[in-house]
Structure formats: structure tokens, C-alpha cells
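Trainee: Pasting entry_36.txt below, which is compact mmCIF, C-alpha atoms (C1' of nucleotides).
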```
# COMPACT_ATOMS: atom_id res chain seq x y z
CA MET A 930 178.95 135.60 105.75
CA GLU A 931 181.98 135.57 103.53
CA GLU A 932 184.14 134.53 106.48
CA VAL A 933 181.88 131.62 107.30
CA PHE A 934 182.13 130.53 103.70
CA GLN A 935 185.92 130.53 103.86
CA ARG A 936 185.85 128.40 107.00
CA LEU A 937 183.49 125.91 105.45
CA LEU A 938 185.66 125.73 102.36
CA ALA A 939 188.74 125.19 104.48
CA ARG A 940 187.02 122.46 106.43
CA TYR A 941 185.35 120.52 103.64
CA GLY A 942 187.02 121.64 100.41
CA PRO A 943 185.22 122.29 97.11
CA GLN A 944 182.11 120.14 96.78
CA ALA A 945 181.93 119.99 92.98
CA TRP A 946 178.15 120.07 93.01
CA TRP A 947 176.08 119.27 90.02
CA PRO A 948 178.75 117.81 87.79
CA GLY A 949 175.91 117.18 85.35
CA ASP A 950 176.56 117.01 81.66
CA GLY A 951 175.15 120.38 80.64
CA PRO A 952 172.20 122.50 81.76
CA PHE A 953 169.51 120.10 80.55
CA GLU A 954 170.87 117.30 82.69
CA VAL A 955 171.05 119.72 85.60
CA MET A 956 167.35 120.55 85.18
CA VAL A 957 166.41 116.88 85.08
CA GLY A 958 168.56 116.29 88.17
CA ALA A 959 166.87 119.18 89.96
CA ILE A 960 163.51 117.42 89.62
CA LEU A 961 164.83 113.97 90.45
CA THR A 962 166.66 115.06 93.58
CA GLN A 963 163.55 116.40 95.28
CA ALA A 964 163.57 114.78 98.73
CA THR A 965 165.97 112.20 97.34
CA SER A 966 169.65 111.59 97.88
CA TRP A 967 171.92 112.37 94.96
CA LYS A 968 173.20 108.80 94.77
CA ASN A 969 169.79 107.60 93.71
CA VAL A 970 169.57 110.43 91.21
CA GLU A 971 172.85 109.30 89.66
CA LYS A 972 171.45 105.82 89.14
CA ALA A 973 168.35 107.25 87.50
CA ILE A 974 170.41 109.51 85.22
CA ALA A 975 172.60 106.57 84.26
CA ASN A 976 169.47 104.62 83.35
CA LEU A 977 168.21 107.51 81.24
CA LYS A 978 171.55 107.78 79.44
CA GLU A 979 171.70 104.06 78.80
CA ALA A 980 168.24 104.26 77.25
CA SER A 981 169.36 107.31 75.25
CA ALA A 982 166.43 109.08 76.86
CA LEU A 983 168.21 112.09 78.31
CA THR A 984 167.06 114.65 75.75
CA ALA A 985 163.93 116.78 75.69
CA VAL A 986 162.76 115.14 72.48
CA ARG A 987 163.18 111.59 73.76
CA LEU A 988 161.60 112.43 77.11
CA ARG A 989 158.53 113.65 75.27
CA GLN A 990 158.39 110.49 73.16
CA ILE A 991 158.83 107.92 75.89
CA PRO A 992 155.65 106.66 77.62
CA GLU A 993 155.28 108.01 81.14
CA ALA A 994 155.15 104.54 82.67
CA GLU A 995 158.40 103.59 80.94
CA LEU A 996 160.01 106.81 82.12
CA ALA A 997 158.91 106.02 85.67
CA GLY A 998 160.65 102.67 85.33
CA LEU A 999 163.92 104.29 84.30
CA ILE A 1000 163.92 106.66 87.26
CA HIS A 1001 162.73 103.97 89.64
CA PRO A 1002 165.68 104.42 92.06
CA CYS A 1003 164.35 107.87 92.93
CA LEU A 1004 161.71 108.31 95.57
CA TYR A 1005 158.28 109.23 94.14
CA TYR A 1006 159.23 108.03 90.68
CA ASN A 1007 155.67 108.15 89.38
CA VAL A 1008 155.09 111.79 90.23
CA LYS A 1009 158.59 112.68 89.04
CA ALA A 1010 157.92 111.04 85.69
CA ARG A 1011 154.91 113.33 85.38
CA LYS A 1012 157.05 116.30 86.42
CA LEU A 1013 159.70 115.55 83.81
CA LYS A 1014 156.98 115.29 81.19
CA ALA A 1015 155.67 118.70 82.23
CA LEU A 1016 159.17 120.15 82.06
CA VAL A 1017 160.01 118.96 78.56
CA GLN A 1018 156.56 119.91 77.37
CA ARG A 1019 157.25 123.47 78.44
CA LEU A 1020 160.69 123.39 76.85
CA GLU A 1021 159.07 122.55 73.56
CA THR A 1022 157.53 126.03 73.54
CA TYR A 1023 161.11 127.34 73.48
CA GLY A 1024 162.08 125.05 70.65
CA ASP A 1025 164.04 123.06 73.26
CA SER A 1026 166.45 125.98 73.44
CA LEU A 1027 167.65 126.53 76.99
CA PRO A 1028 169.51 129.74 76.04
CA SER A 1029 166.16 131.03 74.85
CA LEU A 1030 164.51 130.17 78.17
CA PHE A 1031 167.44 131.48 80.19
CA SER A 1032 167.57 134.79 78.32
CA ARG A 1033 164.91 136.10 80.68
CA GLY A 1034 165.77 138.14 83.75
CA ILE A 1035 165.97 136.32 87.08
CA ALA A 1036 162.54 137.35 88.39
CA ASP A 1037 160.89 136.58 85.07
CA LEU A 1038 162.66 133.25 84.74
CA ARG A 1039 161.62 132.33 88.28
CA GLN A 1040 157.96 132.99 87.49
CA GLU A 1041 158.19 130.95 84.31
CA LEU A 1042 159.78 128.00 86.10
CA LEU A 1043 157.32 128.15 89.01
CA SER A 1044 154.44 127.87 86.56
CA ILE A 1045 155.69 124.44 85.49
CA TYR A 1046 154.11 121.48 87.29
CA GLY A 1047 156.58 120.05 89.79
CA VAL A 1048 158.81 123.10 90.03
CA GLY A 1049 158.63 124.91 93.36
CA GLU A 1050 160.88 127.56 94.90
CA GLU A 1051 163.89 125.41 95.58
CA THR A 1052 163.86 123.60 92.27
CA ALA A 1053 163.35 126.88 90.42
CA TYR A 1054 166.28 128.56 92.14
CA SER A 1055 168.46 125.48 91.73
CA ILE A 1056 167.82 125.65 88.01
CA ILE A 1057 168.47 129.39 87.90
CA LEU A 1058 171.80 129.02 89.70
CA TYR A 1059 173.12 125.66 88.54
CA ALA A 1060 171.69 125.48 85.02
CA ALA A 1061 171.16 129.09 83.94
CA GLY A 1062 174.23 130.36 85.82
CA LYS A 1063 172.53 133.36 87.36
CA PRO A 1064 173.45 134.56 90.88
CA VAL A 1065 170.65 133.50 93.23
CA PHE A 1066 171.15 131.79 96.58
CA VAL A 1067 169.44 128.42 96.97
CA ILE A 1068 167.70 127.84 100.30
CA ASP A 1069 166.89 124.28 101.26
CA ALA A 1070 165.93 122.35 104.36
CA TYR A 1071 169.56 122.14 105.51
CA THR A 1072 170.13 125.86 105.10
CA ARG A 1073 167.01 126.56 107.15
CA ARG A 1074 168.11 124.25 109.93
CA ILE A 1075 171.59 125.72 110.06
CA LEU A 1076 170.25 129.27 110.19
CA GLU A 1077 167.87 128.22 112.95
CA ARG A 1078 170.67 126.57 114.91
CA LEU A 1079 172.63 129.77 114.64
CA GLY A 1080 169.72 131.83 115.84
CA LEU A 1081 169.55 133.70 112.54
CA ALA A 1082 166.11 132.33 111.81
CA GLN A 1083 163.16 131.13 113.89
CA GLY A 1084 161.47 128.89 111.38
CA LYS A 1085 158.69 131.20 110.28
CA GLU A 1086 160.65 133.11 107.66
CA SER A 1087 159.64 132.94 104.04
CA TYR A 1088 161.97 131.62 101.38
CA ALA A 1089 162.61 135.18 100.19
CA GLN A 1090 163.49 136.38 103.68
CA LEU A 1091 166.10 133.69 104.18
CA GLN A 1092 167.45 134.26 100.71
CA ALA A 1093 167.80 137.99 101.44
CA LEU A 1094 170.07 137.09 104.35
CA PHE A 1095 172.62 135.88 101.81
CA HIS A 1096 171.85 138.28 98.98
CA ASP A 1097 172.25 141.29 101.26
CA ASN A 1098 175.59 140.16 102.68
CA LEU A 1099 177.40 138.61 99.73
CA ALA A 1100 178.56 139.70 96.32
CA PRO A 1101 176.25 138.24 93.64
CA ASP A 1102 178.78 135.70 92.43
CA VAL A 1103 177.59 132.48 90.79
CA ARG A 1104 180.60 130.41 91.81
CA LEU A 1105 180.37 131.67 95.40
CA PHE A 1106 176.62 130.93 95.68
CA ASN A 1107 177.13 127.55 94.06
CA GLU A 1108 179.88 126.45 96.41
CA TYR A 1109 178.37 128.07 99.50
CA HIS A 1110 175.08 126.26 99.15
CA ALA A 1111 176.85 122.97 98.53
CA LEU A 1112 178.98 123.49 101.62
CA LEU A 1113 175.93 124.28 103.75
CA VAL A 1114 174.33 121.03 102.64
CA ARG A 1115 177.54 119.18 103.47
CA LEU A 1116 177.62 120.79 106.91
CA GLY A 1117 173.92 120.14 107.36
CA LYS A 1118 174.31 116.46 106.63
CA GLU A 1119 176.82 116.27 109.41
CA VAL A 1120 175.21 118.29 112.15
CA CYS A 1121 171.77 119.55 111.26
CA ARG A 1122 169.70 116.46 110.76
CA PRO A 1123 166.34 116.64 112.53
CA THR A 1124 168.02 114.64 115.29
CA PRO A 1125 171.67 115.63 115.72
CA ARG A 1126 173.97 112.63 115.64
CA CYS A 1127 177.24 114.29 116.44
CA SER A 1128 178.63 114.73 119.92
CA VAL A 1129 180.70 117.81 119.14
CA CYS A 1130 178.94 120.35 116.99
CA PRO A 1131 181.28 121.95 114.38
CA LEU A 1132 178.90 124.87 114.02
CA ARG A 1133 180.73 126.56 116.88
CA ASP A 1134 184.07 126.57 115.06
CA ILE A 1135 182.69 127.47 111.71
CA CYS A 1136 179.98 130.00 112.44
CA SER A 1137 181.23 131.74 115.56
CA THR A 1138 181.36 135.26 114.11
CA GLY A 1139 177.76 135.82 115.10
CA GLU A 1140 176.99 137.36 111.77
CA GLY A 1141 176.18 134.03 110.18
C1' DG B 863 163.07 97.42 111.83
C1' DC B 864 163.56 102.54 111.82
C1' DC B 865 164.84 107.01 110.08
C1' DC B 866 165.00 110.12 106.52
C1' DA B 867 167.04 112.22 102.05
C1' DG B 868 169.53 118.40 97.98
C1' DG B 869 160.21 118.97 97.63
C1' DG B 870 156.01 119.90 95.65
C1' DG B 871 150.99 119.46 94.70
C1' DG B 872 146.41 119.27 96.35
C1' DC B 873 143.04 119.55 99.66
C1' DT B 874 140.73 121.56 103.76
C1' DC B 875 139.42 125.10 106.96
C1' DG C 1368 147.53 131.26 104.09
C1' DA C 1369 148.60 127.76 107.28
C1' DG C 1370 148.24 122.95 108.26
C1' DC C 1371 147.91 118.48 106.86
C1' DC C 1372 148.36 114.25 103.67
C1' DC C 1373 150.17 112.00 99.60
C1' DC C 1374 153.90 110.25 96.85
C1' DA C 1375 156.60 105.25 98.01
C1' DT C 1376 163.25 103.86 97.01
C1' DG C 1377 167.45 102.87 99.09
C1' DG C 1378 171.33 103.70 102.37
C1' DG C 1379 172.86 104.13 107.10
```
Translate the structure described by the file into C-alpha cells.
Mentor:
Amino acid sequence: MEEVFQRLLARYGPQAWWPGDGPFEVMVGAILTQATSWKNVEKAIANLKEASALTAVRLRQIPEAELAGLIHPCLYYNVKARKLKALVQRLETYGDSLPSLFSRGIADLRQELLSIYGVGEETAYSIILYAAGKPVFVIDAYTRRILERLGLAQGKESYAQLQALFHDNLAPDVRLFNEYHALLVRLGKEVCRPTPRCSVCPLRDICSTGEG
DNA sequence: GCCCAGGGGGCTC
DNA sequence: GAGCCCCATGGG
């Protein structure tokens, strides 16, 4: 696992994922990026900043329809406006204090996040890793496809099972999990689309240890 | 014109 | 608890 990471890093270099301006922006981005490319999310975040709307307080004040307009570049902007509303509404119960929310243990924090409308497994874990800075491995569609290509998964595994593959074989290091996941997405974009578009698959070079 | 992104909720059976 | 449908922009 570690070796594969080193090869990916050597091939692609650091990905500098989630350069967001603080944990709140990361949480907003985690909602906006659902099934949406990050470029569109950047446009939406720029719109929110320009409207001075990128705070929990302002997001609660702004009408949902207006919020939907600001995040229009993102796919499913109407549902995502509702999701952002649900998020900041929950934050209000913490006095808008993220440190207060993040003071929970990982399992507890996960449950709390999952109980928010619009936050599923991937979004919850993205927030725990990239916003709260706790060591959990984020599994997404790309990670699944790569693991399947490598024969390390068949497609029926639960989120927790795939996550255990990384948790059991890596030191629980936030920076490692952060960069590793980003690199897997980068690799996935290249070779693990639903229909492969490359002629020579780099998976062979990078993941040839057989251990994943 | 076609494919598909850094998903999740809600419904049905 | 699995299998579907819905949401509905923009880049390649």
C-alpha cells in the first residue's frame, strides 16, 4: 500500500487537494462537489465569496432560491442549496463553532454528519479528513474502480470494507490519507473511467506489487 | 450530439 | 437491503 502511494506520488506529484480557505469552506465544497467536477465548484465558491455569502450566518440568511442561483455552475444546484441550508442549520446548534463539532471522536462525528440532510458516507468522511483533520481514508467511485481493476475488490464490498483495506495497511496519517486519496482520483481520471480511454494502462507500473 | 463528473435522498418490492 | 429514479451544469 505504502509502496503504491510512493509510486503514485512519483508519477503525479503532490495534488494539493482542497486548497479551501479554512474548514468551513471545505465543508461547503464537500457538498458542492458531489457528482460534480471541482472546476464548477470553484466557480460556485467564487460566486459565494463575491456575494459575501460564504459564512454560516449568511448562508442561513440568504433565501434558498438565491443561494441556488449563486451555486448554479454546480450540477443539482437546487438540491445542493437545500443541503447547504441543512448543514448551516445544524452548525447553528454548535454556535457555528467547528472546533466544537470536531471535538467528537471519529465514529461519533461520522454519525453526527450522516444525520445531516445531504451528507452521505463519502461527504462525511471527506469532511472528517479534509476539514476536521482526522485520519480516515476516503473511498469514492474512482477508488472503487481502481480496486476492482486490481482485483482487490469485486464491487459488492461495503464502504467500510474498502476503507478497512487502507486502514489496516497504512499508518493513520492525515497527510498520507489526504494525498493518497487525491492521487487515486488523479489516477482514476486517467485510467478508470467507466470506459477506459487510454491505450496503455499505467496501473501495471504503479500497482504491480499485488498487495494494492 | 454524447458522455459523465471528487453523491445522496426517496421510493418500491 | 438491494435496485431503481431523480436531481439537471459544463467541459471534453
Trainee: Between chain A and chain B, at 7 Å or less, what are the per-residue closest atom pairs and their distances in Å? Count all atoms listed in the file, order by chain and rising residue number, and return it as a tab-separated table.
Mentor:
```
residue	atom	partner	partner_atom	distance
A:Thr962	CA	B:DG868	C1'	6.2
A:Gln963	CA	B:DG869	C1'	4.8
A:Ala964	CA	B:DA867	C1'	5.4
A:Thr965	CA	B:DA867	C1'	4.8
A:Ser966	CA	B:DA867	C1'	5.0
A:Gly1047	CA	B:DG870	C1'	5.9
A:Gly1049	CA	B:DG870	C1'	6.1
```
Trainee: Output as JSON lines one row per residue of chain C within 9 Å of chain A: the closest atom pair and its distance in Å to one decimal place, counting all atoms listed in the file, sorted by chain and residue number ascending.
Mentor:
```
{"residue": "C:DC1374", "atom": "C1'", "partner": "A:Tyr1005", "partner_atom": "CA", "distance": 5.3}
{"residue": "C:DA1375", "atom": "C1'", "partner": "A:Tyr1005", "partner_atom": "CA", "distance": 5.8}
{"residue": "C:DT1376", "atom": "C1'", "partner": "A:Leu1004", "partner_atom": "CA", "distance": 4.9}
{"residue": "C:DG1377", "atom": "C1'", "partner": "A:Pro1002", "partner_atom": "CA", "distance": 7.4}
```
Trainee: Calculate how many Å separate CA of Leu1113 (chain A) from CA of Lys1085 (chain A), rounding to one decimal.
Mentor: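 So the answer is 19.7 Å.
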Trainee: Please indicate the distance in Å from CA of Ile991 (chain A) to CA of Thr1022 (chain A), rounded to one decimal place.
Mentor: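 These two atoms are separated by 18.3 Å.
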